[in-house]
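See below for data20.cif, which holds mmCIF, C-alpha atoms and all ligand atoms.
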data_start
loop_
_atom_site.label_atom_id
_atom_site.label_comp_id
_atom_site.auth_asym_id
_atom_site.auth_seq_id
_atom_site.Cartn_x
_atom_site.Cartn_y
_atom_site.Cartn_z
CA MET W 1 39.99 28.54 7.64
CA PRO W 2 40.13 24.91 8.92
CA SER W 3 42.88 22.67 7.58
CA ASN W 4 41.98 19.72 5.32
CA LYS W 5 42.46 17.38 8.27
CA THR W 6 39.96 19.34 10.41
CA GLN W 7 37.48 19.38 7.52
CA GLU W 8 37.81 15.60 7.09
CA LYS W 9 37.13 15.12 10.80
CA GLU W 10 34.01 17.27 10.60
CA VAL W 11 32.67 15.30 7.61
CA GLU W 12 33.29 12.07 9.53
CA LYS W 13 31.56 13.45 12.59
CA VAL W 14 28.48 14.47 10.59
CA SER W 15 28.19 11.22 8.62
CA SER W 16 28.70 9.02 11.70
CA LYS W 17 25.56 10.51 13.22
CA ARG W 18 23.37 8.84 10.57
CA SER W 19 22.46 5.17 10.45
CA PHE W 20 21.69 3.11 7.36
CA HIS W 21 20.17 -0.25 6.38
CA THR W 22 22.41 -3.31 6.38
CA ASP W 23 20.73 -5.27 3.57
CA LYS W 24 23.71 -5.97 1.31
CA SER W 25 21.48 -6.73 -1.67
CA ALA W 26 19.67 -3.34 -1.50
CA THR W 27 20.91 -0.26 -3.34
CA TYR W 28 19.00 2.29 -1.21
CA TRP W 29 21.23 5.02 0.19
CA LEU W 30 19.10 7.28 2.39
CA PRO W 31 19.41 6.90 6.20
CA LYS W 32 16.99 4.97 8.41
CA ASP W 33 17.43 6.96 11.63
CA GLU W 34 14.96 9.00 13.65
CA ASP W 35 15.67 12.22 11.71
CA GLU W 36 14.84 10.45 8.45
CA GLN W 37 11.64 8.93 9.84
CA PHE W 38 10.64 12.40 11.07
CA ARG W 39 11.33 13.79 7.57
CA LEU W 40 9.26 11.02 5.96
CA ALA W 41 6.36 11.67 8.35
CA GLY W 42 6.33 15.38 7.46
CA GLN W 43 6.63 14.56 3.77
CA HIS W 44 3.65 12.20 4.04
CA PHE W 45 1.34 15.03 5.13
CA ALA W 46 2.70 17.36 2.43
CA ILE W 47 1.99 14.72 -0.26
CA LYS W 48 -1.45 13.99 1.19
CA ASP W 49 -2.26 17.69 1.03
CA LEU W 50 -0.92 18.02 -2.52
CA PHE W 51 -2.96 15.06 -3.83
CA GLU W 52 -5.95 15.88 -1.60
CA GLY W 53 -6.02 12.47 0.03
CA ASN W 54 -4.19 9.26 0.74
CA MET W 55 -5.03 7.36 -2.44
CA HIS W 56 -6.40 7.59 -5.96
CA PRO W 57 -10.12 8.58 -5.93
CA ASN W 58 -11.13 5.31 -7.69
CA ILE W 59 -9.47 3.28 -4.95
CA LYS W 60 -11.06 5.46 -2.27
CA GLU W 61 -14.47 4.81 -3.80
CA ALA W 62 -13.84 1.03 -3.75
CA LEU W 63 -12.51 1.14 -0.20
CA ASP W 64 -15.40 3.27 1.04
CA SER W 65 -17.85 0.68 -0.29
CA GLU W 66 -15.81 -2.28 1.02
CA PRO W 67 -13.99 -0.94 4.10
CA ASN W 68 -12.48 -4.25 5.26
CA MET W 69 -9.69 -4.71 2.73
CA THR W 70 -6.30 -6.28 3.38
CA ILE W 71 -3.73 -3.62 2.46
CA LEU W 72 0.05 -3.72 1.97
CA ASP W 73 2.45 -0.76 1.95
CA VAL W 74 5.71 -1.79 0.23
CA GLY W 75 8.76 0.16 1.47
CA CYS W 76 6.60 1.55 4.27
CA GLY W 77 9.44 3.31 6.18
CA SER W 78 7.93 5.12 9.18
CA CYS W 79 4.49 3.71 8.19
CA THR W 80 2.88 7.14 8.47
CA TRP W 81 0.69 6.36 5.45
CA ILE W 82 -0.54 3.16 7.11
CA PHE W 83 -1.23 4.82 10.47
CA ASP W 84 -3.05 7.67 8.77
CA MET W 85 -5.11 5.24 6.64
CA ALA W 86 -5.91 3.09 9.67
CA SER W 87 -7.54 6.01 11.44
CA ASP W 88 -9.92 6.41 8.45
CA TYR W 89 -10.41 2.66 7.87
CA PRO W 90 -10.40 0.91 11.26
CA GLN W 91 -11.79 -2.32 9.75
CA CYS W 92 -8.94 -2.83 7.28
CA ASP W 93 -6.02 -5.12 7.96
CA PHE W 94 -2.71 -3.34 7.27
CA HIS W 95 0.67 -4.88 6.44
CA GLY W 96 3.95 -3.05 5.98
CA CYS W 97 7.16 -4.31 4.46
CA ASP W 98 10.61 -2.69 4.31
CA ILE W 99 14.33 -3.51 4.44
CA VAL W 100 14.47 -1.62 7.77
CA ASP W 101 12.33 -2.18 10.83
CA VAL W 102 11.67 1.34 12.11
CA ALA W 103 7.89 1.50 12.45
CA ASN W 104 6.25 2.00 15.82
CA LYS W 105 3.98 -1.04 15.79
CA GLU W 106 2.31 0.03 19.03
CA MET W 107 0.43 2.75 17.12
CA ILE W 108 -2.18 0.21 15.94
CA PRO W 109 -1.23 -3.14 17.52
CA ASN W 110 -4.31 -5.10 16.39
CA GLN W 111 -4.53 -3.78 12.87
CA PHE W 112 -0.93 -3.84 11.65
CA THR W 113 1.71 -6.46 10.86
CA PHE W 114 5.25 -5.57 9.82
CA GLN W 115 7.63 -7.87 7.94
CA LEU W 116 11.18 -7.27 6.82
CA GLY W 117 11.45 -7.83 3.07
CA ASN W 118 13.13 -6.69 -0.09
CA VAL W 119 10.71 -6.06 -2.97
CA ALA W 120 13.51 -6.49 -5.51
CA GLN W 121 14.08 -10.04 -4.22
CA ARG W 122 10.90 -11.67 -2.92
CA LEU W 123 8.15 -10.23 -0.75
CA PRO W 124 7.44 -12.37 2.35
CA TYR W 125 3.79 -12.96 1.41
CA LYS W 126 1.71 -15.62 -0.31
CA ASP W 127 0.33 -15.08 -3.80
CA SER W 128 -2.90 -13.03 -4.12
CA MET W 129 -2.94 -11.97 -0.49
CA PHE W 130 -3.86 -8.27 -0.76
CA ASP W 131 -6.85 -6.29 -2.02
CA PHE W 132 -4.74 -3.15 -2.30
CA VAL W 133 -0.96 -2.75 -2.61
CA TYR W 134 0.53 0.72 -2.21
CA ALA W 135 4.15 1.73 -2.81
CA ARG W 136 5.38 5.31 -2.55
CA LEU W 137 8.73 6.96 -3.25
CA LEU W 138 10.70 3.90 -4.26
CA ALA W 139 12.35 5.73 -7.18
CA LEU W 140 15.49 6.27 -5.11
CA ALA W 141 15.20 2.83 -3.55
CA LEU W 142 15.37 0.67 -6.67
CA SER W 143 17.71 0.69 -9.63
CA GLU W 144 16.26 0.51 -13.14
CA ASP W 145 17.21 -3.20 -13.29
CA GLU W 146 15.34 -3.94 -10.07
CA TRP W 147 11.99 -2.48 -11.13
CA PRO W 148 10.75 -5.41 -13.31
CA ARG W 149 11.23 -7.84 -10.43
CA ALA W 150 9.63 -5.40 -7.97
CA ILE W 151 6.56 -4.98 -10.21
CA GLN W 152 6.34 -8.75 -10.67
CA GLU W 153 6.37 -9.19 -6.87
CA ILE W 154 3.72 -6.51 -6.33
CA LEU W 155 1.50 -8.18 -8.96
CA ARG W 156 2.08 -11.61 -7.42
CA VAL W 157 0.85 -10.61 -3.95
CA THR W 158 -2.17 -8.62 -5.26
CA LYS W 159 -5.49 -10.47 -5.57
CA PRO W 160 -6.90 -10.74 -9.09
CA GLY W 161 -9.12 -7.66 -9.49
CA GLY W 162 -7.28 -5.92 -6.64
CA TRP W 163 -5.80 -2.44 -6.62
CA ILE W 164 -2.20 -1.25 -6.98
CA GLN W 165 -1.08 2.35 -6.56
CA LEU W 166 2.51 3.42 -7.21
CA VAL W 167 3.35 7.00 -6.26
CA ASP W 168 6.68 8.43 -7.33
CA ALA W 169 8.52 11.46 -8.58
CA ASP W 170 9.64 11.61 -12.19
CA VAL W 171 13.39 11.35 -11.74
CA LYS W 172 14.33 11.02 -15.43
CA ASN W 173 16.87 13.58 -16.50
CA ASN W 174 16.19 15.89 -19.44
CA ASN W 175 18.19 13.73 -21.86
CA GLN W 176 15.86 10.80 -21.21
CA ARG W 177 12.65 12.71 -21.90
CA ASN W 178 11.00 12.49 -25.29
C1 LIG H 201 11.91 7.44 0.44
S1 LIG H 201 11.45 6.20 1.61
C2 LIG H 201 9.65 6.19 1.41
C3 LIG H 201 8.96 5.60 2.60
C4 LIG H 201 7.42 5.57 2.50
N1 LIG H 201 6.99 4.77 1.37
C5 LIG H 201 6.86 6.96 2.40
O1 LIG H 201 6.31 7.31 1.34
O2 LIG H 201 6.97 7.71 3.38
C6 LIG H 201 11.89 4.68 0.78
C7 LIG H 201 11.68 3.46 1.67
O3 LIG H 201 11.91 2.29 0.87
C8 LIG H 201 12.64 1.35 1.65
N2 LIG H 201 13.36 0.46 0.70
C9 LIG H 201 14.49 0.73 0.03
N3 LIG H 201 14.82 -0.31 -0.77
C10 LIG H 201 13.87 -1.26 -0.56
C11 LIG H 201 13.68 -2.56 -1.07
N4 LIG H 201 14.51 -3.08 -1.99
N5 LIG H 201 12.61 -3.28 -0.64
C12 LIG H 201 11.75 -2.75 0.28
N6 LIG H 201 11.88 -1.51 0.80
C13 LIG H 201 12.93 -0.78 0.39
C14 LIG H 201 13.56 2.23 2.49
O4 LIG H 201 14.09 1.57 3.62
C15 LIG H 201 12.63 3.38 2.86
O5 LIG H 201 11.92 3.12 4.04
#
Will you turn the file into structure tokens for me?
Amino acid sequence: MPSNKTQEKEVEKVSSKRSFHTDKSATYWLPKDEDEQFRLAGQHFAIKDLFEGNMHPNIKEALDSEPNMTILDVGCGSCTWIFDMASDYPQCDFHGCDIVDVANKEMIPNQFTFQLGNVAQRLPYKDSMFDFVYARLLALALSEDEWPRAIQEILRVTKPGGWIQLVDADVKNNNQRN
């Protein structure tokens, strides 16, 4: 049985292998390293399979009839959703925004622009810039207090008549359900 000191050392060793964002204003606590990006990429394909596609069918219908939209993924992480979408919609212009810069921009150099940005502060885009804004799995990224600002920002950068899709898990605990 290892002593407490040995156990402490092992915990340190494990945690020092992970790397995290350095945005002091952000409350997100999951790592940003290669292992995490690999996990997010695998999770992307599981979610795509579960929902039988990369977006809501109504948005797909609109995109299929107008396949040159300008699209933003907020909190894009590894950008697997963007890269997957870009292979189906090569005429769209994709933008990704996150508090960490971990995406491999070389995947689609002419079709993708990344910007660092915190959705709970201000997104680095002009008003009404996007036809479609997508944000997935930000439930662990934003505190309850940060959501109103984040929604306001997403609305601000979406064109009037544009599309917004938020995809998240229901993380309410049983006491909050009614
Ligand atoms: C669980 S990951 C989901 C990544 C991606 N949307 C996906 O579905 O694979 C959450 C992402 O949100 C980013 N994030 C956390 N807080 C953020 C903030 N305040 N503004 C923008 N992005 C944020 C994290 O860096 C991380 O890449």
- Message: How would you report the residues lying within 7 Å of ligand LIG 201 (chain H), as a ChimeraX atom specification, if you count all atoms listed in the file?
- Response: /W:21,26-28,32,40-41,43-44,74-81,97-100,117-120,135-138,140-142
- Which residue, W:Ile151, W:Ala139, W:Ala46, W:Ala62, has the smallest gap to Leu30 in chain W when you use only C-alpha atoms? W:Ala139
Could you build a table of the residues in range 18-79 of chain W lying no more than 12 Å from range 164-167 of chain W, giving for each the nearest pair of atoms and their separation in Å rounded to one decimal place, using only C-alpha atoms, ordered by chain and ascending residue number, as a Markdown table?
| residue | atom | partner | partner_atom | distance |
| --- | --- | --- | --- | --- |
| W:His44 | CA | W:Val167 | CA | 11.5 |
| W:Ile47 | CA | W:Val167 | CA | 9.9 |
| W:Lys48 | CA | W:Val167 | CA | 11.3 |
| W:Phe51 | CA | W:Val167 | CA | 10.5 |
| W:Asn54 | CA | W:Gln165 | CA | 10.5 |
| W:Met55 | CA | W:Gln165 | CA | 7.6 |
| W:His56 | CA | W:Gln165 | CA | 7.5 |
| W:Pro57 | CA | W:Gln165 | CA | 11.0 |
| W:Asn58 | CA | W:Gln165 | CA | 10.5 |
| W:Ile59 | CA | W:Gln165 | CA | 8.6 |
| W:Lys60 | CA | W:Gln165 | CA | 11.3 |
| W:Ile71 | CA | W:Ile164 | CA | 9.9 |
| W:Leu72 | CA | W:Ile164 | CA | 9.6 |
| W:Asp73 | CA | W:Gln165 | CA | 9.7 |
| W:Val74 | CA | W:Leu166 | CA | 9.6 |
| W:Gly75 | CA | W:Leu166 | CA | 11.2 |
- Non-local contacts of Pro31 in chain W (9 Å; all atoms listed in the file; under 6 positions in same chain excluded) as a list in words: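 That gives Arg18, Ser19, Phe20, His21 and Gln37 of chain W.
Here CA of Asp23 in chain W is placed at a distance of 28.6 Å from CA of Trp163 in chain W.
Separating CA of Asp64 in chain W from CA of Pro160 in chain W is a distance of 19.3 Å.
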- Closest to Asp101 in chain W among W:Asn68, W:Thr158, W:Ser87, W:Gln115, using all atoms listed in the file? W:Gln115
